[in-house]
>>> print(open('entry22.cif').read())   # mmCIF, C-alpha atoms
data_final
#
loop_
_atom_site.group_PDB
_atom_site.id
_atom_site.type_symbol
_atom_site.label_atom_id
_atom_site.label_comp_id
_atom_site.auth_asym_id
_atom_site.auth_seq_id
_atom_site.Cartn_x
_atom_site.Cartn_y
_atom_site.Cartn_z
ATOM 1 C CA MET A 29 -41.623 -128.364 -105.402
ATOM 2 C CA SER A 30 -39.017 -128.700 -108.135
ATOM 3 C CA LEU A 31 -39.517 -127.344 -111.621
ATOM 4 C CA SER A 32 -39.885 -130.858 -113.067
ATOM 5 C CA GLU A 33 -42.607 -131.720 -110.551
ATOM 6 C CA GLN A 34 -44.408 -128.460 -111.261
ATOM 7 C CA ILE A 35 -44.302 -129.101 -115.001
ATOM 8 C CA GLN A 36 -45.595 -132.655 -114.504
ATOM 9 C CA LYS A 37 -48.613 -131.282 -112.596
ATOM 10 C CA GLU A 38 -49.179 -128.736 -115.370
ATOM 11 C CA ILE A 39 -49.043 -131.547 -117.961
ATOM 12 C CA THR A 40 -51.741 -133.452 -116.071
ATOM 13 C CA ALA A 41 -53.900 -130.318 -115.879
ATOM 14 C CA ALA A 42 -53.403 -129.630 -119.608
ATOM 15 C CA MET A 43 -54.381 -133.217 -120.437
ATOM 16 C CA LYS A 44 -57.575 -132.904 -118.399
ATOM 17 C CA ALA A 45 -58.368 -129.567 -120.040
ATOM 18 C CA ARG A 46 -57.542 -130.997 -123.500
ATOM 19 C CA ASP A 47 -55.272 -128.019 -124.171
ATOM 20 C CA GLU A 48 -53.108 -129.486 -126.958
ATOM 21 C CA ALA A 49 -50.873 -126.449 -127.539
ATOM 22 C CA ARG A 50 -50.006 -126.108 -123.865
ATOM 23 C CA LEU A 51 -49.577 -129.860 -123.493
ATOM 24 C CA SER A 52 -47.113 -130.179 -126.373
ATOM 25 C CA THR A 53 -45.033 -127.250 -125.084
ATOM 26 C CA LEU A 54 -44.951 -128.651 -121.552
ATOM 27 C CA ARG A 55 -43.935 -132.071 -122.843
ATOM 28 C CA MET A 56 -41.135 -130.481 -124.853
ATOM 29 C CA VAL A 57 -39.913 -128.607 -121.759
ATOM 30 C CA LYS A 58 -40.073 -131.752 -119.639
ATOM 31 C CA SER A 59 -38.096 -133.758 -122.189
ATOM 32 C CA ALA A 60 -35.442 -131.015 -122.456
ATOM 33 C CA LEU A 61 -35.061 -131.003 -118.665
ATOM 34 C CA LYS A 62 -34.913 -134.796 -118.567
ATOM 35 C CA ASN A 63 -32.309 -134.906 -121.365
ATOM 36 C CA ARG A 64 -30.111 -132.425 -119.479
ATOM 37 C CA GLU A 65 -30.538 -134.481 -116.313
ATOM 38 C CA ILE A 66 -29.443 -137.625 -118.188
ATOM 39 C CA GLU A 67 -26.412 -135.812 -119.650
ATOM 40 C CA LYS A 68 -25.404 -134.631 -116.193
ATOM 41 C CA MET A 69 -26.196 -138.024 -114.605
ATOM 42 C CA ALA A 70 -27.648 -136.234 -111.571
ATOM 43 C CA ALA A 71 -30.686 -134.197 -110.623
ATOM 44 C CA LEU A 72 -30.720 -130.597 -111.849
ATOM 45 C CA ASP A 73 -30.662 -127.744 -109.393
ATOM 46 C CA GLU A 74 -32.819 -124.650 -109.862
ATOM 47 C CA LYS A 75 -30.122 -122.687 -111.705
ATOM 48 C CA GLU A 76 -29.447 -125.498 -114.200
ATOM 49 C CA SER A 77 -33.173 -125.899 -114.849
ATOM 50 C CA GLN A 78 -33.414 -122.187 -115.557
ATOM 51 C CA GLN A 79 -30.482 -122.421 -117.982
ATOM 52 C CA VAL A 80 -32.303 -125.170 -119.898
ATOM 53 C CA LEU A 81 -35.453 -123.031 -120.090
ATOM 54 C CA THR A 82 -33.419 -119.998 -121.158
ATOM 55 C CA SER A 83 -31.841 -121.972 -123.992
ATOM 56 C CA LEU A 84 -35.302 -123.173 -125.092
ATOM 57 C CA ILE A 85 -36.506 -119.569 -125.174
ATOM 58 C CA LYS A 86 -33.467 -118.540 -127.206
ATOM 59 C CA GLN A 87 -34.180 -121.337 -129.713
ATOM 60 C CA ARG A 88 -37.809 -120.228 -129.999
ATOM 61 C CA LYS A 89 -36.798 -116.596 -130.578
ATOM 62 C CA GLU A 90 -34.486 -117.657 -133.401
ATOM 63 C CA SER A 91 -37.300 -119.777 -134.864
ATOM 64 C CA VAL A 92 -39.734 -116.860 -134.722
ATOM 65 C CA GLU A 93 -37.205 -114.744 -136.615
ATOM 66 C CA GLN A 94 -36.714 -117.428 -139.280
ATOM 67 C CA PHE A 95 -40.435 -118.127 -139.676
ATOM 68 C CA THR A 96 -41.161 -114.410 -139.990
ATOM 69 C CA LYS A 97 -38.500 -114.072 -142.712
ATOM 70 C CA GLY A 98 -39.969 -117.107 -144.454
ATOM 71 C CA GLY A 99 -43.504 -115.722 -144.387
ATOM 72 C CA ARG A 100 -44.829 -118.396 -141.994
ATOM 73 C CA LYS A 101 -46.790 -116.212 -139.587
ATOM 74 C CA ASP A 102 -48.747 -119.198 -138.240
ATOM 75 C CA MET A 103 -45.568 -121.006 -137.175
ATOM 76 C CA ALA A 104 -44.052 -117.785 -135.787
ATOM 77 C CA ASP A 105 -47.191 -117.236 -133.664
ATOM 78 C CA LYS A 106 -46.983 -120.806 -132.351
ATOM 79 C CA GLU A 107 -43.349 -120.329 -131.335
ATOM 80 C CA ALA A 108 -44.150 -116.962 -129.713
ATOM 81 C CA ALA A 109 -46.900 -118.610 -127.648
ATOM 82 C CA GLU A 110 -44.387 -121.253 -126.525
ATOM 83 C CA ILE A 111 -41.977 -118.499 -125.436
ATOM 84 C CA VAL A 112 -44.680 -116.928 -123.260
ATOM 85 C CA LEU A 113 -45.464 -120.272 -121.617
ATOM 86 C CA ILE A 114 -41.807 -121.146 -120.962
ATOM 87 C CA GLU A 115 -41.091 -117.667 -119.558
ATOM 88 C CA SER A 116 -43.825 -118.179 -116.960
ATOM 89 C CA TYR A 117 -41.522 -120.735 -115.258
ATOM 90 C CA LEU A 118 -38.567 -118.352 -115.062
ATOM 91 C CA PRO A 119 -37.979 -115.442 -112.700
ATOM 92 C CA LYS A 120 -39.001 -112.055 -114.024
ATOM 93 C CA ALA A 121 -36.567 -110.671 -116.589
ATOM 94 C CA ALA A 122 -34.724 -107.494 -115.644
ATOM 95 C CA GLY A 123 -35.897 -104.300 -117.314
ATOM 96 C CA GLU A 124 -33.638 -102.187 -119.473
ATOM 97 C CA GLU A 125 -33.248 -99.519 -116.783
ATOM 98 C CA ASP A 126 -32.161 -102.218 -114.276
ATOM 99 C CA ILE A 127 -29.602 -103.489 -116.772
ATOM 100 C CA VAL A 128 -28.197 -100.013 -117.452
ATOM 101 C CA ALA A 129 -27.982 -99.321 -113.700
ATOM 102 C CA GLY A 130 -26.165 -102.627 -113.136
ATOM 103 C CA VAL A 131 -23.724 -101.931 -115.967
ATOM 104 C CA LYS A 132 -23.015 -98.422 -114.628
ATOM 105 C CA ALA A 133 -22.383 -99.824 -111.145
ATOM 106 C CA THR A 134 -20.032 -102.476 -112.561
ATOM 107 C CA ILE A 135 -18.101 -99.855 -114.527
ATOM 108 C CA ALA A 136 -17.876 -97.627 -111.441
ATOM 109 C CA GLU A 137 -16.464 -100.537 -109.391
ATOM 110 C CA MET A 138 -13.837 -101.238 -112.050
ATOM 111 C CA GLY A 139 -12.585 -97.666 -112.108
ATOM 112 C CA SER A 140 -12.419 -96.330 -115.633
ATOM 113 C CA PRO A 141 -12.359 -99.229 -118.115
ATOM 114 C CA THR A 142 -12.032 -98.593 -121.855
ATOM 115 C CA MET A 143 -13.545 -100.410 -124.845
ATOM 116 C CA LYS A 144 -10.579 -102.814 -124.672
ATOM 117 C CA ASP A 145 -11.927 -103.985 -121.311
ATOM 118 C CA MET A 146 -15.418 -104.723 -122.666
ATOM 119 C CA GLY A 147 -15.065 -108.491 -122.158
ATOM 120 C CA THR A 148 -14.132 -108.040 -118.518
ATOM 121 C CA VAL A 149 -16.944 -105.546 -117.961
ATOM 122 C CA MET A 150 -19.430 -107.970 -119.578
ATOM 123 C CA LYS A 151 -18.197 -110.851 -117.416
ATOM 124 C CA ASN A 152 -18.468 -108.791 -114.230
ATOM 125 C CA ALA A 153 -21.887 -107.386 -115.168
ATOM 126 C CA MET A 154 -23.298 -110.842 -116.008
ATOM 127 C CA ALA A 155 -21.908 -112.193 -112.713
ATOM 128 C CA ARG A 156 -23.551 -109.297 -110.867
ATOM 129 C CA PHE A 157 -26.946 -110.042 -112.454
ATOM 130 C CA ALA A 158 -26.596 -113.775 -111.782
ATOM 131 C CA ALA A 159 -25.727 -113.119 -108.130
ATOM 132 C CA ALA A 160 -28.814 -110.928 -107.813
ATOM 133 C CA GLY A 161 -30.938 -113.713 -109.324
ATOM 134 C CA MET A 162 -31.920 -111.515 -112.262
ATOM 135 C CA ARG A 163 -32.556 -112.959 -115.699
ATOM 136 C CA VAL A 164 -30.993 -110.796 -118.417
ATOM 137 C CA ASP A 165 -30.500 -110.990 -122.164
ATOM 138 C CA GLY A 166 -26.793 -110.950 -123.009
ATOM 139 C CA ARG A 167 -27.395 -108.821 -126.105
ATOM 140 C CA VAL A 168 -29.072 -106.060 -124.088
ATOM 141 C CA VAL A 169 -26.232 -106.107 -121.553
ATOM 142 C CA SER A 170 -23.690 -105.972 -124.383
ATOM 143 C CA GLU A 171 -25.407 -102.961 -125.951
ATOM 144 C CA ALA A 172 -25.545 -101.173 -122.576
ATOM 145 C CA VAL A 173 -21.835 -101.839 -121.978
ATOM 146 C CA LYS A 174 -20.941 -100.558 -125.476
ATOM 147 C CA LYS A 175 -23.029 -97.441 -124.919
ATOM 148 C CA GLU A 176 -21.460 -96.712 -121.521
ATOM 149 C CA LEU A 177 -17.901 -97.424 -122.642
ATOM 150 C CA GLY A 178 -18.385 -95.603 -125.935
ATOM 151 C CA GLY A 179 -18.456 -92.258 -124.148
ATOM 152 C CA LYS A 180 -14.926 -92.793 -122.804
#
>>> encode(input="entry22.cif", output="structure tokens")
Amino acid sequence: MSLSEQIQKEITAAMKARDEARLSTLRMVKSALKNREIEKMAALDEKESQQVLTSLIKQRKESVEQFTKGGRKDMADKEAAEIVLIESYLPKAAGEEDIVAGVKATIAEMGSPTMKDMGTVMKNAMARFAAAGMRVDGRVVSEAVKKELGGK
């Protein structure tokens, strides 16, 4: 079952349960997926669907930050709840120790890169995580790369 079909079933269940918060989030996710599908003019594969969900999560995280700065705890809580729901449709995110291990392995494969090679190390590390099917936050990977290369 594709992600869109799964979300449609969840929407039906949320309607029956009269769960307004869940329903609105699911509708927003479905429309984002549909918009991307229309832009592409073809059906989305699993990876593209995950990219759409990842971008939605990133938007929500930025919103939480802004609402918290603005003193709108109620809106920040709503956005945080949406993040949790959207993340349930994505593969499990890699832990920090997995990220550090992946970065160390990438650096070992490259020989002895310096800080000048950070972009290449980042590219290779992100490709390694993508190939393994792991979902990672680019900022965490960047910090791990800086930390590992900083010692050289």
>>> resolve_selection(input="entry22.cif", expression="the PyMOL selection byres ((chain A and resi 60) around 12)", output="NGL selection string")
:A and (32 or 35 or 53-59 or 61-67 or 72 or 76-85 or 114)
>>> write_last_selection(input="entry22.cif", atoms="C-alpha atoms", output="compact mmCIF listing (two decimals), keeping the file's coordinate frame")
# COMPACT_ATOMS: atom_id res chain seq x y z
CA SER A 32 -39.88 -130.86 -113.07
CA ILE A 35 -44.30 -129.10 -115.00
CA THR A 53 -45.03 -127.25 -125.08
CA LEU A 54 -44.95 -128.65 -121.55
CA ARG A 55 -43.94 -132.07 -122.84
CA MET A 56 -41.14 -130.48 -124.85
CA VAL A 57 -39.91 -128.61 -121.76
CA LYS A 58 -40.07 -131.75 -119.64
CA SER A 59 -38.10 -133.76 -122.19
CA LEU A 61 -35.06 -131.00 -118.66
CA LYS A 62 -34.91 -134.80 -118.57
CA ASN A 63 -32.31 -134.91 -121.36
CA ARG A 64 -30.11 -132.43 -119.48
CA GLU A 65 -30.54 -134.48 -116.31
CA ILE A 66 -29.44 -137.62 -118.19
CA GLU A 67 -26.41 -135.81 -119.65
CA LEU A 72 -30.72 -130.60 -111.85
CA GLU A 76 -29.45 -125.50 -114.20
CA SER A 77 -33.17 -125.90 -114.85
CA GLN A 78 -33.41 -122.19 -115.56
CA GLN A 79 -30.48 -122.42 -117.98
CA VAL A 80 -32.30 -125.17 -119.90
CA LEU A 81 -35.45 -123.03 -120.09
CA THR A 82 -33.42 -120.00 -121.16
CA SER A 83 -31.84 -121.97 -123.99
CA LEU A 84 -35.30 -123.17 -125.09
CA ILE A 85 -36.51 -119.57 -125.17
CA ILE A 114 -41.81 -121.15 -120.96
>>> resolve_selection(input="entry22.cif", expression="the PyMOL selection byres ((chain A and resi 163) around 6)", output="list in words")
Ala121, Ala122, Met162 and Val164 of chain A
>>> write_last_selection(input="entry22.cif", atoms="C-alpha atoms", output="mmCIF file, keeping the file's coordinate frame")
data_model
loop_
_atom_site.group_PDB
_atom_site.id
_atom_site.type_symbol
_atom_site.label_atom_id
_atom_site.label_comp_id
_atom_site.auth_asym_id
_atom_site.auth_seq_id
_atom_site.Cartn_x
_atom_site.Cartn_y
_atom_site.Cartn_z
ATOM 1 C CA ALA A 121 -36.567 -110.671 -116.589
ATOM 2 C CA ALA A 122 -34.724 -107.494 -115.644
ATOM 3 C CA MET A 162 -31.920 -111.515 -112.262
ATOM 4 C CA VAL A 164 -30.993 -110.796 -118.417
#
>>> resolve_selection(input="entry22.cif", expression="the PyMOL selection byres ((chain A and resi 89-98) around 12)", output="list in words")
Thr82, Ser83, Leu84, Ile85, Lys86, Gln87, Arg88, Gly99, Arg100, Lys101, Asp102, Met103, Ala104, Asp105, Lys106, Glu107, Ala108, Ala109, Glu110, Ile111, Val112, Ile114, Glu115 and Asp165 of chain A
>>> closest_residue(input="entry22.cif", among="A:Lys151, A:Lys37, A:Arg50, A:Lys75", to="Leu118 of chain A", atoms="only C-alpha atoms")
A:Lys75
>>> residues_around(input="entry22.cif", residues="Lys175 of chain A", least_positions_apart="6", cutoff="12 Å", atoms="only C-alpha atoms", output="compact mmCIF listing (two decimals) with C-alpha atoms, in the coordinates of the input")
# COMPACT_ATOMS: atom_id res chain seq x y z
CA VAL A 128 -28.20 -100.01 -117.45
CA VAL A 131 -23.72 -101.93 -115.97
CA LYS A 132 -23.02 -98.42 -114.63
CA ILE A 135 -18.10 -99.86 -114.53
CA THR A 142 -12.03 -98.59 -121.86
CA MET A 143 -13.54 -100.41 -124.84
CA MET A 146 -15.42 -104.72 -122.67
CA VAL A 168 -29.07 -106.06 -124.09
CA VAL A 169 -26.23 -106.11 -121.55
>>> closest_residue(input="entry22.cif", among="A:Ala129, A:Gln36, A:Arg46, A:Leu31", to="Arg156 of chain A", atoms="all atoms listed in the file")
A:Ala129
